[in-house]
Amino acid sequence: MFKSGILVMLITLISRVLGLARSIVVAYYFGASAGTDAFFSAFKISNFFRQLLGEGALGTSFIPMYNEKDGEEEGKKFIFSILNIVFIFSVIVSIGMIIFSNQIIGIIVSGFSAETKVIASQLLKIMSCYFIFISFSGMICAILNNFKYFALPSSTSIFFNLAILGGAIFFGKTYGIKAMAYGVLLGGFLQLVIVLPLFFKKAGMYRFKIDFKDPYLKRIFYLILPMLVGIVARQFNTIVDQFFASYLETGGVSALENATRVYNLPIGVFGISISTVIYPTLSKKIVNKNFAAVEEDIKKGLNILLFLVVPSTAVLTVYSQDIIRLIFEYGKFGGKAVEITADSLFYYSLGLYFYTAIHLMTRAFYGMKNSRDPVKFSVTAIIINIILNAVLIGSLQYKGLALSTSIAAMVNFSLLLYTFRKKYIAVNL
């Protein structure tokens with residue numbers, strides 16, 4: 001299992017480095033400007049919806065439900081029912097984003113100037129169909145993970161980042177910031193296309209049918225509802241930060257986004273990779289009531305994260321200014337942009353271990369078919385984040401927004417670990 005984890009970490013590392021390169025290219029060509037603020041805001045909205053499906057609530061709920069299915073044929077019916085529902089829902093949401101893009105932008109980044117809102121609305125329209133591709137791709141990747149295929153699903157974001165890089169480099173001068181939006185759309189399409197051959201090899205001919213009589217289909221939606229609330233709450237933290245940042249000086253949203261890109265490197269490489277590999281095995285051990293092995297897996301996962309993340313935290317806090325200058329200070333990305341991005345990175349990095357460990361502990365609860373507690377703790381964390389944002393933005397500005405996110409993550413993880421120990425297994429680290 002942990003050999004697979006190392007492979008996924010390596011692939012994720014490549015993807016995250018390309019994601020960082022993507023941010024460098026955006027900073028080089030566009031700096032930290034109203035255009036980049038508009039792009040990052042529009043992309044954050046389309047990416048927010050992605051988390052609800054695929055690699056988010058539905059993908060996580062699918063694995064324990066599928067493991068209870070009797071027979072391969074019943075399992076395939078279940079798979080295609082889920083995928084058809086995903087397609088219908090994602091099309092409806094994408095159309096909604098196109099129709100109501102002005103209203104969505106107006107609410108989420110109300111502090112933007114009228115011109116920046118218009119740009120963000122246009123970009124959101126372009127990127128709306130990305131949700132169709134990525135939700136379908138994310139769900140297929142969750143299915144492949146359950147069958148112990150980790151390498152290919154993990155590599156999909158490599159193609160996504162390459163598409164955006166190509167859009168910026170080859171078409172940025174001609175189409176401006178819109179080239180990035182078209183790159184996002186192409187990247188989502190590529191993420192879907194590359195997983196289809198392996199999926200069809202495993203699942204066979206596609207079936208355009210939803211078996212509404214399947215009791216597991218009904219159960220998965222009972223399980224998914226509280227998960228959706230929890231994922232919305234976690235993702236909403238970033239939306240909240242953008243809302244407050246839209247009232248700061250131009251470039252504040254871009255600074256937070258670039259800082260996020262840097263500290264997301266260890267989160268993706270360590271936290272998401274380890275939890276992705278552990279979860280299918282953890283789910284089966286829980287179904288088989290092998291709780292000693294469950295405890296061992298969680299302990300190993302959390303200790304490995306501690307071993308890997310603490311050095312990352314030290315580097316990102318002590319050398320935040322040097323790191324941002326080395327990565328971003330080219331082209332139109334000047335000294336002021338470096339300063340506010342480095343300060344944001346410092347305060348975001350304080351919560352790095354908690355961000356990574358939350359992914360693992362949340363999946364431990366989902367394996368126990370408990371999605372309610374993670375929801376409650378996510379909602380608690382978002383309330384804390386909003387309160388701290390409002391309190392700290394006046395004195396610390398963008399630094400206060402980053403610090404609030406770190407504190408909220410610490411509270412969320414602490415509640416998850418304490419409750420899991422109390423209700424299920426006394427995980428002794």
# chains A, B, ... in the order shown; residues from 1 in each chain; ligands from 1
>>> residues_around(residues="stretch 307-320 of chain A", least_positions_apart="6", cutoff="7 Å", atoms="only C-alpha atoms", output="JSON, numbers by chain")
{"A": [266, 342, 345, 346, 349, 350, 352, 353]}
>>> atom_distance(atom1="atom CA of A:Asn145", atom2="atom CA of A:Leu186")
23.8 Å
>>> atom_distance(atom1="atom CA of A:Ile304", atom2="atom CA of A:Ile358")
13.8 Å
>>> select_by_dssp(residues="stretch 328-403 of chain A", states="alpha helix (DSSP H)", output="number ranges by chain")
A: 328, 335-349, 352-367, 372-396, 398-403
>>> residues_around(residues="A:Ser275", least_positions_apart="4", cutoff="8 Å", atoms="only C-alpha atoms", output="JSON, numbers by chain")
{"A": [271, 279, 301, 359, 360, 363]}
>>> atom_distance(atom1="atom CA of A:Ala203", atom2="atom CA of A:Pro153")
15.4 Å
>>> closest_residue(among="A:Phe270, A:Tyr355, A:Phe244, A:Phe413", to="A:Thr12", atoms="only C-alpha atoms")
A:Phe270
>>> residues_around(residues="stretch 140-144 of chain A", least_positions_apart="4", cutoff="12 Å", atoms="only C-alpha atoms", output="PDB file with N, CA and C atoms, in the first residue's frame")
ATOM      1  N   LEU A  53     -18.234  16.666  -6.560  1.00  0.00           N
ATOM      2  CA  LEU A  53     -18.357  15.379  -7.236  1.00  0.00           C
ATOM      3  C   LEU A  53     -16.968  14.781  -7.411  1.00  0.00           C
ATOM      4  N   GLY A  54     -16.935  13.596  -8.031  1.00  0.00           N
ATOM      5  CA  GLY A  54     -15.666  12.969  -8.375  1.00  0.00           C
ATOM      6  C   GLY A  54     -14.793  12.741  -7.175  1.00  0.00           C
ATOM      7  N   GLU A  55     -13.695  13.501  -7.074  1.00  0.00           N
ATOM      8  CA  GLU A  55     -12.743  13.317  -5.993  1.00  0.00           C
ATOM      9  C   GLU A  55     -13.292  13.836  -4.673  1.00  0.00           C
ATOM     10  N   GLY A  56     -14.480  14.457  -4.696  1.00  0.00           N
ATOM     11  CA  GLY A  56     -15.080  14.983  -3.493  1.00  0.00           C
ATOM     12  C   GLY A  56     -16.048  14.011  -2.865  1.00  0.00           C
ATOM     13  N   ALA A  57     -17.259  14.505  -2.558  1.00  0.00           N
ATOM     14  CA  ALA A  57     -18.208  13.732  -1.763  1.00  0.00           C
ATOM     15  C   ALA A  57     -18.636  12.441  -2.444  1.00  0.00           C
ATOM     16  N   LEU A  58     -19.007  12.522  -3.721  1.00  0.00           N
ATOM     17  CA  LEU A  58     -19.552  11.343  -4.391  1.00  0.00           C
ATOM     18  C   LEU A  58     -18.494  10.273  -4.574  1.00  0.00           C
ATOM     19  N   GLY A  59     -17.290  10.686  -4.982  1.00  0.00           N
ATOM     20  CA  GLY A  59     -16.211   9.719  -5.150  1.00  0.00           C
ATOM     21  C   GLY A  59     -15.848   9.037  -3.849  1.00  0.00           C
ATOM     22  N   THR A  60     -15.843   9.797  -2.755  1.00  0.00           N
ATOM     23  CA  THR A  60     -15.520   9.233  -1.444  1.00  0.00           C
ATOM     24  C   THR A  60     -16.618   8.301  -0.956  1.00  0.00           C
ATOM     25  N   SER A  61     -17.873   8.644  -1.223  1.00  0.00           N
ATOM     26  CA  SER A  61     -18.995   7.812  -0.790  1.00  0.00           C
ATOM     27  C   SER A  61     -19.071   6.515  -1.587  1.00  0.00           C
ATOM     28  N   PHE A  62     -18.639   6.573  -2.841  1.00  0.00           N
ATOM     29  CA  PHE A  62     -18.762   5.421  -3.730  1.00  0.00           C
ATOM     30  C   PHE A  62     -18.001   4.206  -3.217  1.00  0.00           C
ATOM     31  N   ILE A  63     -16.771   4.423  -2.717  1.00  0.00           N
ATOM     32  CA  ILE A  63     -15.882   3.299  -2.405  1.00  0.00           C
ATOM     33  C   ILE A  63     -16.465   2.358  -1.343  1.00  0.00           C
ATOM     34  N   PRO A  64     -16.907   2.835  -0.159  1.00  0.00           N
ATOM     35  CA  PRO A  64     -17.482   1.885   0.810  1.00  0.00           C
ATOM     36  C   PRO A  64     -18.767   1.235   0.320  1.00  0.00           C
ATOM     37  N   MET A  65     -19.578   1.953  -0.471  1.00  0.00           N
ATOM     38  CA  MET A  65     -20.810   1.372  -1.006  1.00  0.00           C
ATOM     39  C   MET A  65     -20.499   0.252  -2.011  1.00  0.00           C
ATOM     40  N   TYR A  66     -19.549   0.500  -2.903  1.00  0.00           N
ATOM     41  CA  TYR A  66     -19.182  -0.494  -3.915  1.00  0.00           C
ATOM     42  C   TYR A  66     -18.625  -1.756  -3.259  1.00  0.00           C
ATOM     43  N   ASN A  67     -17.841  -1.573  -2.190  1.00  0.00           N
ATOM     44  CA  ASN A  67     -17.226  -2.727  -1.520  1.00  0.00           C
ATOM     45  C   ASN A  67     -18.260  -3.644  -0.859  1.00  0.00           C
ATOM     46  N   GLY A  75     -22.052  -4.551  -9.423  1.00  0.00           N
ATOM     47  CA  GLY A  75     -21.129  -3.438  -9.235  1.00  0.00           C
ATOM     48  C   GLY A  75     -21.077  -2.530 -10.450  1.00  0.00           C
ATOM     49  N   LYS A  76     -21.095  -3.132 -11.644  1.00  0.00           N
ATOM     50  CA  LYS A  76     -21.064  -2.337 -12.881  1.00  0.00           C
ATOM     51  C   LYS A  76     -22.335  -1.514 -13.051  1.00  0.00           C
ATOM     52  N   PHE A  78     -24.118  -0.324 -10.725  1.00  0.00           N
ATOM     53  CA  PHE A  78     -23.989   0.750  -9.750  1.00  0.00           C
ATOM     54  C   PHE A  78     -23.082   1.865 -10.293  1.00  0.00           C
ATOM     55  N   ILE A  79     -21.972   1.468 -10.897  1.00  0.00           N
ATOM     56  CA  ILE A  79     -21.017   2.427 -11.462  1.00  0.00           C
ATOM     57  C   ILE A  79     -21.679   3.300 -12.513  1.00  0.00           C
ATOM     58  N   PHE A  80     -22.381   2.689 -13.451  1.00  0.00           N
ATOM     59  CA  PHE A  80     -22.968   3.457 -14.551  1.00  0.00           C
ATOM     60  C   PHE A  80     -24.150   4.308 -14.092  1.00  0.00           C
ATOM     61  N   ILE A  82     -24.263   5.816 -11.208  1.00  0.00           N
ATOM     62  CA  ILE A  82     -23.614   6.971 -10.600  1.00  0.00           C
ATOM     63  C   ILE A  82     -23.102   7.933 -11.671  1.00  0.00           C
ATOM     64  N   LEU A  83     -22.418   7.393 -12.684  1.00  0.00           N
ATOM     65  CA  LEU A  83     -21.831   8.237 -13.724  1.00  0.00           C
ATOM     66  C   LEU A  83     -22.898   8.992 -14.509  1.00  0.00           C
ATOM     67  N   ASN A  84     -24.011   8.353 -14.786  1.00  0.00           N
ATOM     68  CA  ASN A  84     -25.087   9.032 -15.524  1.00  0.00           C
ATOM     69  C   ASN A  84     -25.703  10.169 -14.698  1.00  0.00           C
ATOM     70  N   VAL A  86     -24.040  11.847 -12.408  1.00  0.00           N
ATOM     71  CA  VAL A  86     -22.994  12.870 -12.408  1.00  0.00           C
ATOM     72  C   VAL A  86     -23.078  13.729 -13.670  1.00  0.00           C
ATOM     73  N   PHE A  87     -23.259  13.071 -14.810  1.00  0.00           N
ATOM     74  CA  PHE A  87     -23.312  13.805 -16.078  1.00  0.00           C
ATOM     75  C   PHE A  87     -24.499  14.768 -16.108  1.00  0.00           C
ATOM     76  N   PHE A 133     -16.389  18.091 -17.608  1.00  0.00           N
ATOM     77  CA  PHE A 133     -15.250  17.193 -17.846  1.00  0.00           C
ATOM     78  C   PHE A 133     -14.630  16.713 -16.548  1.00  0.00           C
ATOM     79  N   ILE A 134     -14.422  17.649 -15.610  1.00  0.00           N
ATOM     80  CA  ILE A 134     -13.661  17.300 -14.414  1.00  0.00           C
ATOM     81  C   ILE A 134     -14.484  16.475 -13.423  1.00  0.00           C
ATOM     82  N   SER A 135     -15.789  16.692 -13.371  1.00  0.00           N
ATOM     83  CA  SER A 135     -16.608  15.891 -12.457  1.00  0.00           C
ATOM     84  C   SER A 135     -16.691  14.450 -12.944  1.00  0.00           C
ATOM     85  N   PHE A 136     -16.837  14.279 -14.263  1.00  0.00           N
ATOM     86  CA  PHE A 136     -16.876  12.933 -14.837  1.00  0.00           C
ATOM     87  C   PHE A 136     -15.521  12.246 -14.656  1.00  0.00           C
ATOM     88  N   LYS A 148      -7.572  -0.340  -7.333  1.00  0.00           N
ATOM     89  CA  LYS A 148      -6.126  -0.291  -7.078  1.00  0.00           C
ATOM     90  C   LYS A 148      -5.329   0.266  -8.259  1.00  0.00           C
ATOM     91  N   TYR A 149      -5.960   1.079  -9.083  1.00  0.00           N
ATOM     92  CA  TYR A 149      -5.236   1.822 -10.111  1.00  0.00           C
ATOM     93  C   TYR A 149      -5.039   3.247  -9.589  1.00  0.00           C
ATOM     94  N   PHE A 150      -3.799   3.582  -9.272  1.00  0.00           N
ATOM     95  CA  PHE A 150      -3.527   4.891  -8.688  1.00  0.00           C
ATOM     96  C   PHE A 150      -2.705   5.797  -9.608  1.00  0.00           C
ATOM     97  N   ALA A 151      -1.797   5.210 -10.381  1.00  0.00           N
ATOM     98  CA  ALA A 151      -0.848   6.013 -11.160  1.00  0.00           C
ATOM     99  C   ALA A 151      -1.545   6.883 -12.200  1.00  0.00           C
ATOM    100  N   LEU A 152      -2.366   6.267 -13.053  1.00  0.00           N
ATOM    101  CA  LEU A 152      -3.015   7.029 -14.121  1.00  0.00           C
ATOM    102  C   LEU A 152      -3.963   8.102 -13.574  1.00  0.00           C
ATOM    103  N   PRO A 153      -4.855   7.776 -12.614  1.00  0.00           N
ATOM    104  CA  PRO A 153      -5.711   8.836 -12.066  1.00  0.00           C
ATOM    105  C   PRO A 153      -4.917   9.997 -11.471  1.00  0.00           C
ATOM    106  N   SER A 154      -3.793   9.685 -10.827  1.00  0.00           N
ATOM    107  CA  SER A 154      -2.982  10.751 -10.223  1.00  0.00           C
ATOM    108  C   SER A 154      -2.323  11.634 -11.273  1.00  0.00           C
ATOM    109  N   SER A 155      -2.100  11.079 -12.470  1.00  0.00           N
ATOM    110  CA  SER A 155      -1.372  11.823 -13.509  1.00  0.00           C
ATOM    111  C   SER A 155      -2.262  12.763 -14.312  1.00  0.00           C
ATOM    112  N   THR A 156      -3.585  12.702 -14.117  1.00  0.00           N
ATOM    113  CA  THR A 156      -4.481  13.514 -14.949  1.00  0.00           C
ATOM    114  C   THR A 156      -4.210  15.009 -14.821  1.00  0.00           C
ATOM    115  N   SER A 157      -3.867  15.456 -13.617  1.00  0.00           N
ATOM    116  CA  SER A 157      -3.647  16.891 -13.432  1.00  0.00           C
ATOM    117  C   SER A 157      -2.369  17.369 -14.113  1.00  0.00           C
ATOM    118  N   GLN A 191      -8.111  15.638 -19.043  1.00  0.00           N
ATOM    119  CA  GLN A 191      -8.190  14.816 -17.836  1.00  0.00           C
ATOM    120  C   GLN A 191      -9.215  13.697 -17.980  1.00  0.00           C
ATOM    121  N   LEU A 192     -10.283  13.971 -18.705  1.00  0.00           N
ATOM    122  CA  LEU A 192     -11.297  12.941 -18.934  1.00  0.00           C
ATOM    123  C   LEU A 192     -10.836  11.927 -19.961  1.00  0.00           C
ATOM    124  N   VAL A 193     -10.285  12.413 -21.062  1.00  0.00           N
ATOM    125  CA  VAL A 193      -9.935  11.535 -22.187  1.00  0.00           C
ATOM    126  C   VAL A 193      -8.903  10.484 -21.791  1.00  0.00           C
ATOM    127  N   ILE A 194      -7.914  10.856 -20.979  1.00  0.00           N
ATOM    128  CA  ILE A 194      -6.827   9.909 -20.717  1.00  0.00           C
ATOM    129  C   ILE A 194      -7.228   8.759 -19.788  1.00  0.00           C
ATOM    130  N   VAL A 195      -8.303   8.918 -19.008  1.00  0.00           N
ATOM    131  CA  VAL A 195      -8.708   7.824 -18.114  1.00  0.00           C
ATOM    132  C   VAL A 195      -9.765   6.916 -18.748  1.00  0.00           C
ATOM    133  N   LEU A 196     -10.347   7.334 -19.863  1.00  0.00           N
ATOM    134  CA  LEU A 196     -11.425   6.541 -20.462  1.00  0.00           C
ATOM    135  C   LEU A 196     -10.981   5.150 -20.934  1.00  0.00           C
ATOM    136  N   PRO A 197      -9.817   4.996 -21.624  1.00  0.00           N
ATOM    137  CA  PRO A 197      -9.437   3.651 -22.079  1.00  0.00           C
ATOM    138  C   PRO A 197      -9.332   2.628 -20.946  1.00  0.00           C
ATOM    139  N   LEU A 198      -8.661   3.007 -19.831  1.00  0.00           N
ATOM    140  CA  LEU A 198      -8.523   2.083 -18.701  1.00  0.00           C
ATOM    141  C   LEU A 198      -9.876   1.805 -18.059  1.00  0.00           C
ATOM    142  N   PHE A 199     -10.718   2.838 -17.990  1.00  0.00           N
ATOM    143  CA  PHE A 199     -12.042   2.649 -17.407  1.00  0.00           C
ATOM    144  C   PHE A 199     -12.867   1.665 -18.223  1.00  0.00           C
ATOM    145  N   PHE A 200     -12.886   1.823 -19.554  1.00  0.00           N
ATOM    146  CA  PHE A 200     -13.664   0.916 -20.407  1.00  0.00           C
ATOM    147  C   PHE A 200     -13.100  -0.500 -20.364  1.00  0.00           C
ATOM    148  N   LYS A 201     -11.786  -0.605 -20.204  1.00  0.00           N
ATOM    149  CA  LYS A 201     -11.168  -1.929 -20.081  1.00  0.00           C
ATOM    150  C   LYS A 201     -11.663  -2.636 -18.820  1.00  0.00           C
ATOM    151  N   LYS A 202     -11.859  -1.872 -17.755  1.00  0.00           N
ATOM    152  CA  LYS A 202     -12.285  -2.460 -16.487  1.00  0.00           C
ATOM    153  C   LYS A 202     -13.798  -2.622 -16.396  1.00  0.00           C
ATOM    154  N   ALA A 203     -14.541  -1.640 -16.917  1.00  0.00           N
ATOM    155  CA  ALA A 203     -15.999  -1.634 -16.734  1.00  0.00           C
ATOM    156  C   ALA A 203     -16.777  -2.129 -17.940  1.00  0.00           C
ATOM    157  N   THR A 276      -5.401   9.190  -0.360  1.00  0.00           N
ATOM    158  CA  THR A 276      -5.989   8.532  -1.534  1.00  0.00           C
ATOM    159  C   THR A 276      -5.640   7.051  -1.576  1.00  0.00           C
ATOM    160  N   VAL A 277      -4.388   6.731  -1.271  1.00  0.00           N
ATOM    161  CA  VAL A 277      -3.940   5.332  -1.320  1.00  0.00           C
ATOM    162  C   VAL A 277      -4.477   4.540  -0.135  1.00  0.00           C
ATOM    163  N   TYR A 279      -7.250   5.070   1.685  1.00  0.00           N
ATOM    164  CA  TYR A 279      -8.700   5.008   1.858  1.00  0.00           C
ATOM    165  C   TYR A 279      -9.363   3.722   1.367  1.00  0.00           C
ATOM    166  N   PRO A 280      -9.095   3.238   0.124  1.00  0.00           N
ATOM    167  CA  PRO A 280      -9.770   1.993  -0.293  1.00  0.00           C
ATOM    168  C   PRO A 280      -9.466   0.813   0.623  1.00  0.00           C
TER     169      PRO A 280
END
>>> closest_residue(among="A:Lys44, A:Met368, A:Asp241, A:Ile169", to="A:Ile286", atoms="only C-alpha atoms")
A:Met368
>>> closest_atom_pairs(of="stretch 163-213 of chain A", to="stretch 112-125 of chain A", cutoff="10 Å", atoms="only C-alpha atoms", output="Markdown table")
| residue | atom | partner | partner_atom | distance |
| --- | --- | --- | --- | --- |
| A:Ile177 | CA | A:Leu123 | CA | 8.5 |
| A:Lys178 | CA | A:Leu123 | CA | 6.5 |
| A:Ala179 | CA | A:Leu123 | CA | 9.6 |
| A:Met180 | CA | A:Leu123 | CA | 8.8 |
| A:Ala181 | CA | A:Leu123 | CA | 6.0 |
| A:Tyr182 | CA | A:Leu123 | CA | 8.7 |
>>> residues_around(residues="A:Ser81", least_positions_apart="4", cutoff="7 Å", atoms="only C-alpha atoms", output="JSON, numbers by chain")
{"A": [77, 85, 209, 210, 211]}
>>> write_last_selection(atoms="C-alpha atoms", output="CSV table (one decimal), in the first residue's frame")
chain,number,residue,atom,x,y,z
A,77,LYS,CA,-24.7,-1.3,-12.8
A,85,ILE,CA,-26.3,11.0,-12.5
A,209,LYS,CA,-29.1,3.7,-17.7
A,210,ILE,CA,-29.9,4.7,-14.1
A,211,ASP,CA,-31.1,1.9,-11.8
>>> closest_residue(among="A:Leu282, A:Ile220, A:Ile158, A:Lys422", to="A:Leu13", atoms="only C-alpha atoms")
A:Ile158
>>> closest_residue(among="A:Ile278, A:Ser101, A:Gly111, A:Asn161", to="A:Ile6", atoms="only C-alpha atoms")
A:Ile278
